[in-house]
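Below is one structure, written out as structure tokens, with a few remarks after it.
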Amino acid sequence: KAGVTQTPRYLIKTRGQQVTLSCSPISGHRSVSWYQQTPGQGLQFLFEYFSETQRNKGNFPGRFSGRQFSNSRSEMNVSTLELGDSALYLCASSRDRLGGYEQYFGPGTRLTVT
Amino acid sequence: AQKVTQAQTEISVVEKEDVTLDCVYETRDTTYYLFWYKQPPSGELVFLIRRNSFDEQNEISGRYSWNFQKSTSSFNFTITASQVVDSAVYFCALSEESYGQNFVFGPGTRLSVLP
């Protein structure tokens, strides 16, 4: 069974630009969550999508948004990039949206904002 | 509020030593789940174990073992006879029934196993 895939793996963007990251979950998984990982803040929850609807949202500004498609694939968008958005963005998929289901993570997209 | 604390920022051991990684959590929910993940240098988080709040039985999987104690809100992870391949950052995480897939991660413990 293929794991969670994320594209692109690396991105370099300029401050003020916008970026879209993509995530394909494990086949059969319907919940997709996104996390931001930085050395200073650690792993922080961004949002979770299930059945094309955002179910949970972390404490991030509205510049961070996402969506999920009918095949469970998800995209995350960051508009008006700031230097502080430089991070590893991790996508995780799970069979269901209940808290007891473990998440399986992709390799991440490393975003550098200059 | 949910919170996960991993007091050990970095640990170094010599190969074949046993090592215990500590995890302390805070939650108001009676139904919650605890997880351990491993993040090797490649960056991808690898799921190791899940425990629910109603199951305090300790678990052993090969060289890995986990000790869950609700009385002290701890979920500690022990690696027996450590190996160089165990070098990674280890994260403890908490999810609550009421918050679904919103996992709260601890800050992680960087384990270095020296040959």
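Following the order of the structure tokens, first chain is A, next is B, and so on, with residues numbered from 1 inside each chain and ligands from 1 in the order they appear.
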Within 6 Å of Tyr89 (chain A) using only C-alpha atoms, minus same-chain residues under 5 positions, as a list in words: Tyr35, Gln36, Gly108 and Thr109 of chain A
Near-Tyr104 (chain A) list (9 Å; only C-alpha atoms; drop same-chain fewer than 2 positions) as a ChimeraX atom specification:
/A:3-4,25-26,91-94,102,106 /B:45-47
With N, CA and C atoms retained, write the just-selected residues as an mmCIF file, in the first residue's frame.
```cif
data_model
loop_
_atom_site.group_PDB
_atom_site.id
_atom_site.type_symbol
_atom_site.label_atom_id
_atom_site.label_comp_id
_atom_site.auth_asym_id
_atom_site.auth_seq_id
_atom_site.Cartn_x
_atom_site.Cartn_y
_atom_site.Cartn_z
ATOM 1 N N GLY A 3 2.209 4.956 0.639
ATOM 2 C CA GLY A 3 2.063 5.834 1.783
ATOM 3 C C GLY A 3 1.511 7.183 1.373
ATOM 4 N N VAL A 4 1.567 8.121 2.282
ATOM 5 C CA VAL A 4 1.127 9.487 2.020
ATOM 6 C C VAL A 4 2.182 10.174 1.152
ATOM 7 N N PRO A 25 -3.486 11.144 0.275
ATOM 8 C CA PRO A 25 -3.502 10.260 1.447
ATOM 9 C C PRO A 25 -3.355 8.798 1.045
ATOM 10 N N ILE A 26 -3.188 7.965 2.043
ATOM 11 C CA ILE A 26 -3.180 6.527 1.832
ATOM 12 C C ILE A 26 -4.548 6.116 1.298
ATOM 13 N N CYS A 91 1.760 16.586 5.981
ATOM 14 C CA CYS A 91 0.401 16.130 5.774
ATOM 15 C C CYS A 91 0.272 14.748 6.410
ATOM 16 N N ALA A 92 -0.858 14.490 7.026
ATOM 17 C CA ALA A 92 -1.084 13.186 7.640
ATOM 18 C C ALA A 92 -2.463 12.688 7.251
ATOM 19 N N SER A 93 -2.583 11.401 7.019
ATOM 20 C CA SER A 93 -3.901 10.856 6.713
ATOM 21 C C SER A 93 -4.284 9.813 7.750
ATOM 22 N N SER A 94 -5.586 9.633 7.884
ATOM 23 C CA SER A 94 -6.121 8.704 8.863
ATOM 24 C C SER A 94 -7.384 8.082 8.291
ATOM 25 N N GLU A 102 -4.848 6.530 14.433
ATOM 26 C CA GLU A 102 -3.504 7.076 14.268
ATOM 27 C C GLU A 102 -3.355 7.749 12.911
ATOM 28 N N GLY A 106 3.237 12.023 5.628
ATOM 29 C CA GLY A 106 4.028 12.080 4.413
ATOM 30 C C GLY A 106 5.410 12.628 4.717
ATOM 31 N N LEU B 45 7.616 11.393 9.818
ATOM 32 C CA LEU B 45 7.199 10.855 11.115
ATOM 33 C C LEU B 45 6.666 9.444 10.943
ATOM 34 N N VAL B 46 7.145 8.548 11.784
ATOM 35 C CA VAL B 46 6.746 7.147 11.715
ATOM 36 C C VAL B 46 5.944 6.811 12.968
ATOM 37 N N PHE B 47 4.760 6.282 12.761
ATOM 38 C CA PHE B 47 3.887 5.897 13.869
ATOM 39 C C PHE B 47 4.476 4.689 14.582
#
```
Margin query: I'd like to know which of B:Glu15, B:Glu56, B:Glu96, B:Glu10 is closest to Thr30 (chain B), using only C-alpha atoms.
Written below: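 Nearest to Thr30 (chain B): B:Glu96.
Within 8 Å of chain A, chain B contributes the residues Tyr32, Tyr33, Phe35, Ser42, Gly43, Glu44, Leu45, Val46, Phe47, Arg50, Asn52, Ser95, Glu96, Glu97, Ser98, Tyr99, Gly100, Gln101, Asn102, Phe103, Val104, Phe105, Gly106, Pro107 and Gly108 of chain B, using only C-alpha atoms.
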Could those residues be written to a file, using N, CA and C atoms, as a PDB file, in the first residue's frame?
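So result.pdb came out as:
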```pdb
ATOM      1  N   TYR B  32      -9.304   9.747  25.761  1.00  0.00           N
ATOM      2  CA  TYR B  32      -8.210  10.351  25.001  1.00  0.00           C
ATOM      3  C   TYR B  32      -7.257   9.248  24.542  1.00  0.00           C
ATOM      4  N   TYR B  33      -6.349   9.640  23.661  1.00  0.00           N
ATOM      5  CA  TYR B  33      -5.436   8.679  23.045  1.00  0.00           C
ATOM      6  C   TYR B  33      -4.028   9.251  23.062  1.00  0.00           C
ATOM      7  N   PHE B  35       0.054   8.715  21.689  1.00  0.00           N
ATOM      8  CA  PHE B  35       0.808   8.149  20.573  1.00  0.00           C
ATOM      9  C   PHE B  35       2.303   8.450  20.759  1.00  0.00           C
ATOM     10  N   SER B  42      15.561  11.646   7.929  1.00  0.00           N
ATOM     11  CA  SER B  42      14.876  11.836   6.642  1.00  0.00           C
ATOM     12  C   SER B  42      13.668  12.758   6.774  1.00  0.00           C
ATOM     13  N   GLY B  43      13.133  12.895   7.989  1.00  0.00           N
ATOM     14  CA  GLY B  43      12.063  13.865   8.227  1.00  0.00           C
ATOM     15  C   GLY B  43      10.659  13.312   8.340  1.00  0.00           C
ATOM     16  N   GLU B  44      10.420  12.114   7.868  1.00  0.00           N
ATOM     17  CA  GLU B  44       9.053  11.579   7.884  1.00  0.00           C
ATOM     18  C   GLU B  44       8.717  10.987   9.243  1.00  0.00           C
ATOM     19  N   LEU B  45       7.616  11.393   9.818  1.00  0.00           N
ATOM     20  CA  LEU B  45       7.199  10.855  11.115  1.00  0.00           C
ATOM     21  C   LEU B  45       6.666   9.444  10.943  1.00  0.00           C
ATOM     22  N   VAL B  46       7.145   8.548  11.784  1.00  0.00           N
ATOM     23  CA  VAL B  46       6.746   7.147  11.715  1.00  0.00           C
ATOM     24  C   VAL B  46       5.944   6.811  12.968  1.00  0.00           C
ATOM     25  N   PHE B  47       4.760   6.282  12.761  1.00  0.00           N
ATOM     26  CA  PHE B  47       3.887   5.897  13.869  1.00  0.00           C
ATOM     27  C   PHE B  47       4.476   4.689  14.582  1.00  0.00           C
ATOM     28  N   ARG B  50      -0.181   3.447  19.674  1.00  0.00           N
ATOM     29  CA  ARG B  50      -1.345   4.186  20.146  1.00  0.00           C
ATOM     30  C   ARG B  50      -1.861   3.505  21.401  1.00  0.00           C
ATOM     31  N   ASN B  52      -5.211   3.987  24.320  1.00  0.00           N
ATOM     32  CA  ASN B  52      -6.373   4.765  24.722  1.00  0.00           C
ATOM     33  C   ASN B  52      -6.418   4.872  26.242  1.00  0.00           C
ATOM     34  N   SER B  95      -4.446  12.977  21.534  1.00  0.00           N
ATOM     35  CA  SER B  95      -5.673  13.409  20.868  1.00  0.00           C
ATOM     36  C   SER B  95      -6.828  13.138  21.812  1.00  0.00           C
ATOM     37  N   GLU B  96      -7.821  13.999  21.743  1.00  0.00           N
ATOM     38  CA  GLU B  96      -8.988  13.850  22.602  1.00  0.00           C
ATOM     39  C   GLU B  96     -10.200  13.486  21.753  1.00  0.00           C
ATOM     40  N   GLU B  97     -11.090  12.712  22.337  1.00  0.00           N
ATOM     41  CA  GLU B  97     -12.281  12.293  21.609  1.00  0.00           C
ATOM     42  C   GLU B  97     -13.026  13.503  21.065  1.00  0.00           C
ATOM     43  N   SER B  98     -13.086  14.557  21.845  1.00  0.00           N
ATOM     44  CA  SER B  98     -13.861  15.723  21.444  1.00  0.00           C
ATOM     45  C   SER B  98     -13.182  16.559  20.378  1.00  0.00           C
ATOM     46  N   TYR B  99     -11.888  16.389  20.184  1.00  0.00           N
ATOM     47  CA  TYR B  99     -11.165  17.185  19.197  1.00  0.00           C
ATOM     48  C   TYR B  99     -10.747  16.384  17.978  1.00  0.00           C
ATOM     49  N   GLY B 100     -11.135  15.139  17.921  1.00  0.00           N
ATOM     50  CA  GLY B 100     -10.873  14.340  16.741  1.00  0.00           C
ATOM     51  C   GLY B 100      -9.409  14.269  16.379  1.00  0.00           C
ATOM     52  N   GLN B 101      -9.132  14.572  15.115  1.00  0.00           N
ATOM     53  CA  GLN B 101      -7.799  14.374  14.581  1.00  0.00           C
ATOM     54  C   GLN B 101      -6.843  15.542  14.874  1.00  0.00           C
ATOM     55  N   ASN B 102      -7.228  16.450  15.742  1.00  0.00           N
ATOM     56  CA  ASN B 102      -6.339  17.540  16.140  1.00  0.00           C
ATOM     57  C   ASN B 102      -5.362  16.996  17.176  1.00  0.00           C
ATOM     58  N   PHE B 103      -4.231  16.529  16.700  1.00  0.00           N
ATOM     59  CA  PHE B 103      -3.219  15.970  17.587  1.00  0.00           C
ATOM     60  C   PHE B 103      -2.398  17.094  18.197  1.00  0.00           C
ATOM     61  N   VAL B 104      -2.102  16.963  19.483  1.00  0.00           N
ATOM     62  CA  VAL B 104      -1.180  17.883  20.149  1.00  0.00           C
ATOM     63  C   VAL B 104       0.121  17.132  20.394  1.00  0.00           C
ATOM     64  N   PHE B 105       1.196  17.656  19.848  1.00  0.00           N
ATOM     65  CA  PHE B 105       2.493  17.005  19.961  1.00  0.00           C
ATOM     66  C   PHE B 105       3.342  17.656  21.040  1.00  0.00           C
ATOM     67  N   GLY B 106       4.159  16.843  21.695  1.00  0.00           N
ATOM     68  CA  GLY B 106       5.173  17.379  22.579  1.00  0.00           C
ATOM     69  C   GLY B 106       6.309  17.957  21.764  1.00  0.00           C
ATOM     70  N   PRO B 107       7.253  18.602  22.421  1.00  0.00           N
ATOM     71  CA  PRO B 107       8.364  19.247  21.705  1.00  0.00           C
ATOM     72  C   PRO B 107       9.382  18.277  21.136  1.00  0.00           C
ATOM     73  N   GLY B 108       9.299  17.026  21.538  1.00  0.00           N
ATOM     74  CA  GLY B 108      10.217  16.024  21.004  1.00  0.00           C
ATOM     75  C   GLY B 108      11.469  15.852  21.845  1.00  0.00           C
TER      76      GLY B 108
END
```
The residue from A:Arg15, A:Arg110, A:Arg9, A:Arg30 with the smallest atom-to-atom distance to Gly84 (chain A), counting only C-alpha atoms, is A:Arg15
So that I can check the surroundings of Thr78 (chain B), please list as a list of chain:residue names every protein, DNA and RNA residue that reaches within 9 Å of it, counting only C-alpha atoms and ignoring chain neighbours fewer than 3 positions away. B:Asp18, B:Val19, B:Thr20, B:Leu21, B:Asp22, B:Arg63, B:Tyr64, B:Ser65, B:Trp66, B:Asn67
Residues near Val85 (chain B), cut-off 12 Å, only C-alpha atoms, skip fewer than 6 positions along chain, as a list in words: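 Those residues are Glu15, Lys16, Lys38, Gln39, Pro40, Pro41, Ile79, Leu111, Ser112, Val113, Leu114 and Pro115 of chain B.
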Keeping N, CA, C and O atoms, export the residues of the selection given above as a compact mmCIF listing (two decimals), in the first residue's frame.
```txt
# COMPACT_ATOMS: atom_id res chain seq x y z
N GLU B 15 25.61 2.72 22.28
CA GLU B 15 24.92 1.55 21.77
C GLU B 15 24.85 0.44 22.83
O GLU B 15 25.79 0.24 23.60
N LYS B 16 23.68 -0.22 22.87
CA LYS B 16 23.35 -1.32 23.78
C LYS B 16 22.87 -0.85 25.14
O LYS B 16 22.43 -1.68 25.94
N LYS B 38 8.26 8.50 15.68
CA LYS B 38 9.70 8.63 15.49
C LYS B 38 9.96 9.45 14.23
O LYS B 38 9.32 9.21 13.20
N GLN B 39 10.85 10.43 14.32
CA GLN B 39 11.21 11.21 13.16
C GLN B 39 12.72 11.06 12.91
O GLN B 39 13.53 11.73 13.52
N PRO B 40 13.09 10.17 11.99
CA PRO B 40 14.51 10.00 11.67
C PRO B 40 15.00 11.20 10.86
O PRO B 40 14.20 12.06 10.49
N PRO B 41 16.29 11.26 10.60
CA PRO B 41 16.84 12.41 9.85
C PRO B 41 16.16 12.65 8.51
O PRO B 41 16.15 13.78 8.03
N ILE B 79 13.57 2.13 25.21
CA ILE B 79 14.25 1.34 24.18
C ILE B 79 15.33 0.53 24.89
O ILE B 79 16.19 1.08 25.58
N LEU B 111 17.21 11.75 20.36
CA LEU B 111 18.02 10.65 20.87
C LEU B 111 19.19 10.38 19.93
O LEU B 111 18.98 10.18 18.73
N SER B 112 20.37 10.41 20.49
CA SER B 112 21.57 10.05 19.72
C SER B 112 22.16 8.79 20.33
O SER B 112 22.47 8.77 21.52
N VAL B 113 22.29 7.78 19.52
CA VAL B 113 22.89 6.53 19.97
C VAL B 113 24.26 6.44 19.31
O VAL B 113 24.38 6.37 18.09
N LEU B 114 25.27 6.46 20.14
CA LEU B 114 26.64 6.47 19.64
C LEU B 114 27.20 5.06 19.55
O LEU B 114 26.93 4.23 20.43
N PRO B 115 27.98 4.77 18.50
CA PRO B 115 28.52 3.41 18.36
C PRO B 115 29.63 3.14 19.37
O PRO B 115 30.20 4.04 19.96
```
Using only C-alpha atoms, which of the listed residues (B:Ala81, B:Ile11, B:Ile49, B:Cys92) sits closest to Cys23 (chain B)?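 Among the listed residues, B:Cys92 lies closest to Cys23 (chain B).
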Note to self: Env of Thr114 (chain A): 8 Å cut, atoms = only C-alpha atoms, seq-sep filter 2 positions within chain, self excluded. Answer as a list in words.
What the structure shows: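 Non-adjacent residues within range: Ile12, Lys13, Thr14, Arg15, Leu83 and Thr112 of chain A.
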- Message: Run DSSP on the backbone and tell me which residues of region 8-109 of chain B come out as strand (DSSP E or B); list them as a ChimeraX atom specification.
- Response: /B:10-14,19-21,24-26,32-39,46-52,59-61,64-69,74-79,88-96,104-105,109
Discussion item. Restricting the calculation to only C-alpha atoms: of B:Leu48, B:Val89, B:Val84, B:Leu94, which residue gets closest to Glu17 (chain B)?
Written reply: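 Closest to Glu17 (chain B) of all the choices is B:Val84.
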Select, from A:Ser24, A:Leu81, A:Arg73, A:Val19, the residue with the minimum atom-to-atom distance to Ala2 (chain A), counting only C-alpha atoms.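 Looking only at the distances to Ala2 (chain A), the closest residue turns out to be A:Ser24.
From CA of Asn59 (chain A) back to CA of Gln6 (chain A), the distance works out to 22.7 Å.
Between CA of Phe91 (chain B) and CA of Thr31 (chain B) there is a distance of 20.4 Å.
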